[in-house]
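Student: Got a structure for you, questions after.
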Amino acid sequence: MPPPITLSGVSYTYEKGDRPVLREVDLTIAEGEIVLLTGPSGSGKTTLLTLVGALRAMQSGACTVLGQQLMGATESQRVALRRRIGFIFQQHNLLGFLTARQNVAMALELDPASSEATRLARAGEMLEAVGLADKTESLPGQLSGGQRQRVAVARALAARPGLVLADEPTAALDRQSGQDVVRLLTDLARQRGVPILLVTHDPRILDIADRIVAMEDGKVI
């Protein structure tokens, strides 16, 4: 089986930029591997994450994610790939007018074969898995920051993704909440072989990594 993620010679420049944000990046991530991207702000970590997640179109180099070559991929191909990826961001991006259960269930609405009852049941299971069984009907405004982030983790994992991409998922959390999030991600990688690529500045979570990839000035160093 080919690796879930392979990048070769990936470079990227923003339209109004005068120098590349990424420069000739090579990276391979194996099944079930947890890889942390570290480095100073502006080093290209988040840009790399968005390219791997098919949130941006490739400019140069080769990038294969879950069997899809992204260089030259159409928008519909990139949308189809994004549906197979779980995204977790520092800002949880929950909808304030939906309950925790409804926010998680949204991730399952892309599956036309699932009924609303099935989606809500699955959402309840995921919230129980992240320790929020008693918060399923709570609105985001009624939850703490750590609880909201755990809802976001449940949403990202609900559709059983083949890859998880996380951008500073513990930055706004206290120590205990951060450890809870990290434990959930580690369990996913170990039990189901799902690779995780995680951008972080948080020194508290470095010990979960199989590998730490340091970036600086758009390059892997």
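Following the order of the structure tokens, first chain is A, next is B, and so on, with residues numbered from 1 inside each chain and ligands from 1 in the order they appear.
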Enumerate, in order of chain and increasing residue number, the residues of range 129-175 of chain A with an atom no farther than 7 Å from range 82-104 of chain A, each with its shortest atom pair and distance in Å to one decimal, counting only C-alpha atoms, as a tab-separated table.

Tutor:
```
residue	atom	partner	partner_atom	distance
A:Lys135	CA	A:Ala100	CA	6.9
A:Thr136	CA	A:Arg101	CA	4.9
A:Glu137	CA	A:Thr99	CA	5.1
A:Ser138	CA	A:Thr99	CA	5.2
A:Leu139	CA	A:Thr99	CA	4.5
A:Pro140	CA	A:Gly96	CA	5.5
A:Gly141	CA	A:Gly96	CA	6.7
A:Arg148	CA	A:His92	CA	6.6
A:Gln149	CA	A:His92	CA	5.6
A:Val151	CA	A:Ala100	CA	6.4
A:Ala152	CA	A:His92	CA	5.6
A:Val153	CA	A:Ile88	CA	6.3
A:Ala154	CA	A:Val104	CA	6.4
A:Arg155	CA	A:Val104	CA	4.2
A:Ala156	CA	A:Gly86	CA	4.4
A:Leu157	CA	A:Gly86	CA	6.0
A:Ala158	CA	A:Val104	CA	7.0
A:Pro161	CA	A:Ile85	CA	5.0
A:Gly162	CA	A:Arg84	CA	5.8
A:Leu163	CA	A:Ile85	CA	5.0
A:Val164	CA	A:Gly86	CA	4.6
A:Leu165	CA	A:Phe87	CA	5.1
A:Ala166	CA	A:Ile88	CA	4.5
A:Asp167	CA	A:Phe89	CA	4.8
A:Glu168	CA	A:Gln90	CA	5.1
A:Pro169	CA	A:Gln90	CA	4.6
A:Thr170	CA	A:Gln90	CA	6.9
A:Ala171	CA	A:Gln90	CA	6.6
A:Ala172	CA	A:Gln90	CA	6.9
```

Student: Can I get the selected residues back with N, CA and C atoms, as a PDB file, in the first residue's frame?

Tutor:
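Saved as out.pdb:
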```
ATOM      1  N   LYS A 135     -23.624  16.596  27.717  1.00  0.00           N
ATOM      2  CA  LYS A 135     -23.682  17.923  27.090  1.00  0.00           C
ATOM      3  C   LYS A 135     -24.254  17.879  25.674  1.00  0.00           C
ATOM      4  N   THR A 136     -24.883  16.773  25.312  1.00  0.00           N
ATOM      5  CA  THR A 136     -25.318  16.614  23.925  1.00  0.00           C
ATOM      6  C   THR A 136     -26.306  17.691  23.487  1.00  0.00           C
ATOM      7  N   GLU A 137     -27.153  18.165  24.392  1.00  0.00           N
ATOM      8  CA  GLU A 137     -28.168  19.145  24.020  1.00  0.00           C
ATOM      9  C   GLU A 137     -27.769  20.567  24.393  1.00  0.00           C
ATOM     10  N   SER A 138     -26.521  20.757  24.803  1.00  0.00           N
ATOM     11  CA  SER A 138     -26.046  22.095  25.154  1.00  0.00           C
ATOM     12  C   SER A 138     -25.641  22.865  23.904  1.00  0.00           C
ATOM     13  N   LEU A 139     -25.904  24.175  23.914  1.00  0.00           N
ATOM     14  CA  LEU A 139     -25.440  25.049  22.849  1.00  0.00           C
ATOM     15  C   LEU A 139     -23.973  25.406  23.108  1.00  0.00           C
ATOM     16  N   PRO A 140     -23.207  25.755  22.076  1.00  0.00           N
ATOM     17  CA  PRO A 140     -21.802  26.100  22.274  1.00  0.00           C
ATOM     18  C   PRO A 140     -21.579  27.174  23.332  1.00  0.00           C
ATOM     19  N   GLY A 141     -22.491  28.148  23.415  1.00  0.00           N
ATOM     20  CA  GLY A 141     -22.343  29.220  24.396  1.00  0.00           C
ATOM     21  C   GLY A 141     -22.462  28.741  25.833  1.00  0.00           C
ATOM     22  N   ARG A 148     -15.950  22.937  24.027  1.00  0.00           N
ATOM     23  CA  ARG A 148     -16.228  23.270  22.625  1.00  0.00           C
ATOM     24  C   ARG A 148     -15.194  22.618  21.706  1.00  0.00           C
ATOM     25  N   GLN A 149     -13.940  22.614  22.126  1.00  0.00           N
ATOM     26  CA  GLN A 149     -12.919  21.992  21.282  1.00  0.00           C
ATOM     27  C   GLN A 149     -13.126  20.479  21.196  1.00  0.00           C
ATOM     28  N   VAL A 151     -16.027  19.025  21.261  1.00  0.00           N
ATOM     29  CA  VAL A 151     -17.114  18.864  20.288  1.00  0.00           C
ATOM     30  C   VAL A 151     -16.539  18.917  18.869  1.00  0.00           C
ATOM     31  N   ALA A 152     -15.603  19.833  18.639  1.00  0.00           N
ATOM     32  CA  ALA A 152     -14.979  19.943  17.316  1.00  0.00           C
ATOM     33  C   ALA A 152     -14.208  18.673  16.966  1.00  0.00           C
ATOM     34  N   VAL A 153     -13.556  18.073  17.948  1.00  0.00           N
ATOM     35  CA  VAL A 153     -12.849  16.817  17.722  1.00  0.00           C
ATOM     36  C   VAL A 153     -13.855  15.719  17.374  1.00  0.00           C
ATOM     37  N   ALA A 154     -14.951  15.650  18.126  1.00  0.00           N
ATOM     38  CA  ALA A 154     -15.988  14.647  17.843  1.00  0.00           C
ATOM     39  C   ALA A 154     -16.529  14.818  16.432  1.00  0.00           C
ATOM     40  N   ARG A 155     -16.735  16.056  16.015  1.00  0.00           N
ATOM     41  CA  ARG A 155     -17.238  16.331  14.661  1.00  0.00           C
ATOM     42  C   ARG A 155     -16.237  15.857  13.601  1.00  0.00           C
ATOM     43  N   ALA A 156     -14.948  16.113  13.845  1.00  0.00           N
ATOM     44  CA  ALA A 156     -13.919  15.731  12.881  1.00  0.00           C
ATOM     45  C   ALA A 156     -13.805  14.225  12.738  1.00  0.00           C
ATOM     46  N   LEU A 157     -14.079  13.495  13.813  1.00  0.00           N
ATOM     47  CA  LEU A 157     -13.892  12.046  13.803  1.00  0.00           C
ATOM     48  C   LEU A 157     -15.175  11.268  13.497  1.00  0.00           C
ATOM     49  N   ALA A 158     -16.305  11.959  13.483  1.00  0.00           N
ATOM     50  CA  ALA A 158     -17.600  11.279  13.373  1.00  0.00           C
ATOM     51  C   ALA A 158     -17.730  10.480  12.083  1.00  0.00           C
ATOM     52  N   PRO A 161     -12.818   9.448   9.314  1.00  0.00           N
ATOM     53  CA  PRO A 161     -11.948   9.926   8.236  1.00  0.00           C
ATOM     54  C   PRO A 161     -10.737   9.026   8.034  1.00  0.00           C
ATOM     55  N   GLY A 162     -10.176   9.122   6.830  1.00  0.00           N
ATOM     56  CA  GLY A 162      -8.957   8.377   6.539  1.00  0.00           C
ATOM     57  C   GLY A 162      -7.707   9.134   6.909  1.00  0.00           C
ATOM     58  N   LEU A 163      -7.880  10.401   7.287  1.00  0.00           N
ATOM     59  CA  LEU A 163      -6.760  11.281   7.648  1.00  0.00           C
ATOM     60  C   LEU A 163      -7.299  12.382   8.537  1.00  0.00           C
ATOM     61  N   VAL A 164      -6.512  12.782   9.543  1.00  0.00           N
ATOM     62  CA  VAL A 164      -6.872  13.917  10.393  1.00  0.00           C
ATOM     63  C   VAL A 164      -5.805  14.992  10.256  1.00  0.00           C
ATOM     64  N   LEU A 165      -6.248  16.220   9.986  1.00  0.00           N
ATOM     65  CA  LEU A 165      -5.374  17.378   9.928  1.00  0.00           C
ATOM     66  C   LEU A 165      -5.795  18.344  11.025  1.00  0.00           C
ATOM     67  N   ALA A 166      -4.843  18.748  11.846  1.00  0.00           N
ATOM     68  CA  ALA A 166      -5.164  19.602  12.997  1.00  0.00           C
ATOM     69  C   ALA A 166      -4.216  20.795  13.039  1.00  0.00           C
ATOM     70  N   ASP A 167      -4.780  21.972  13.215  1.00  0.00           N
ATOM     71  CA  ASP A 167      -3.990  23.203  13.271  1.00  0.00           C
ATOM     72  C   ASP A 167      -4.136  23.824  14.653  1.00  0.00           C
ATOM     73  N   GLU A 168      -3.104  23.683  15.466  1.00  0.00           N
ATOM     74  CA  GLU A 168      -3.074  24.240  16.822  1.00  0.00           C
ATOM     75  C   GLU A 168      -4.315  23.842  17.634  1.00  0.00           C
ATOM     76  N   PRO A 169      -4.662  22.564  17.697  1.00  0.00           N
ATOM     77  CA  PRO A 169      -5.914  22.173  18.359  1.00  0.00           C
ATOM     78  C   PRO A 169      -5.890  22.344  19.869  1.00  0.00           C
ATOM     79  N   THR A 170      -4.721  22.484  20.482  1.00  0.00           N
ATOM     80  CA  THR A 170      -4.652  22.612  21.941  1.00  0.00           C
ATOM     81  C   THR A 170      -4.238  24.002  22.397  1.00  0.00           C
ATOM     82  N   ALA A 171      -4.020  24.933  21.469  1.00  0.00           N
ATOM     83  CA  ALA A 171      -3.430  26.230  21.826  1.00  0.00           C
ATOM     84  C   ALA A 171      -4.277  27.017  22.819  1.00  0.00           C
ATOM     85  N   ALA A 172      -5.601  26.919  22.688  1.00  0.00           N
ATOM     86  CA  ALA A 172      -6.489  27.711  23.545  1.00  0.00           C
ATOM     87  C   ALA A 172      -7.010  26.929  24.743  1.00  0.00           C
TER      88      ALA A 172
END
```

Student: Which parts of range 98-189 of chain A does DSSP call strand (DSSP E or B) when run on the backbone here, written out as a ChimeraX atom specification?

Tutor: /A:163-167

Student: Just write the chosen residues, N, CA and C atoms, as a JSON list (two decimals), in the first residue's frame.

Tutor:
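Final output, result_36.json:
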```json
[["chain", "number", "residue", "atom", "x", "y", "z"],
["A", 163, "LEU", "N", -7.88, 10.40, 7.29],
["A", 163, "LEU", "CA", -6.76, 11.28, 7.65],
["A", 163, "LEU", "C", -7.30, 12.38, 8.54],
["A", 164, "VAL", "N", -6.51, 12.78, 9.54],
["A", 164, "VAL", "CA", -6.87, 13.92, 10.39],
["A", 164, "VAL", "C", -5.81, 14.99, 10.26],
["A", 165, "LEU", "N", -6.25, 16.22, 9.99],
["A", 165, "LEU", "CA", -5.37, 17.38, 9.93],
["A", 165, "LEU", "C", -5.79, 18.34, 11.02],
["A", 166, "ALA", "N", -4.84, 18.75, 11.85],
["A", 166, "ALA", "CA", -5.16, 19.60, 13.00],
["A", 166, "ALA", "C", -4.22, 20.79, 13.04],
["A", 167, "ASP", "N", -4.78, 21.97, 13.21],
["A", 167, "ASP", "CA", -3.99, 23.20, 13.27],
["A", 167, "ASP", "C", -4.14, 23.82, 14.65]]
```

Student: Where does DSSP see alpha helix (DSSP H) in range 35-202 of chain A, if you list the residues as a ChimeraX atom specification?

Tutor: /A:45-52,75-82,100-105,116-129,145-158,175-192

Student: Which residue gives the smallest distance to Leu49 in chain A among A:Gly72, A:Ser114, A:Leu198, A:Asp207, with only C-alpha atoms counted?

Tutor: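 Distance minimum relative to Leu49 in chain A lands on A:Leu198.
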
Student: Suppose you want the space between CA of Ala214 in chain A and CA of Gln147 in chain A; what is it in Å?

Tutor: 29.7 Å
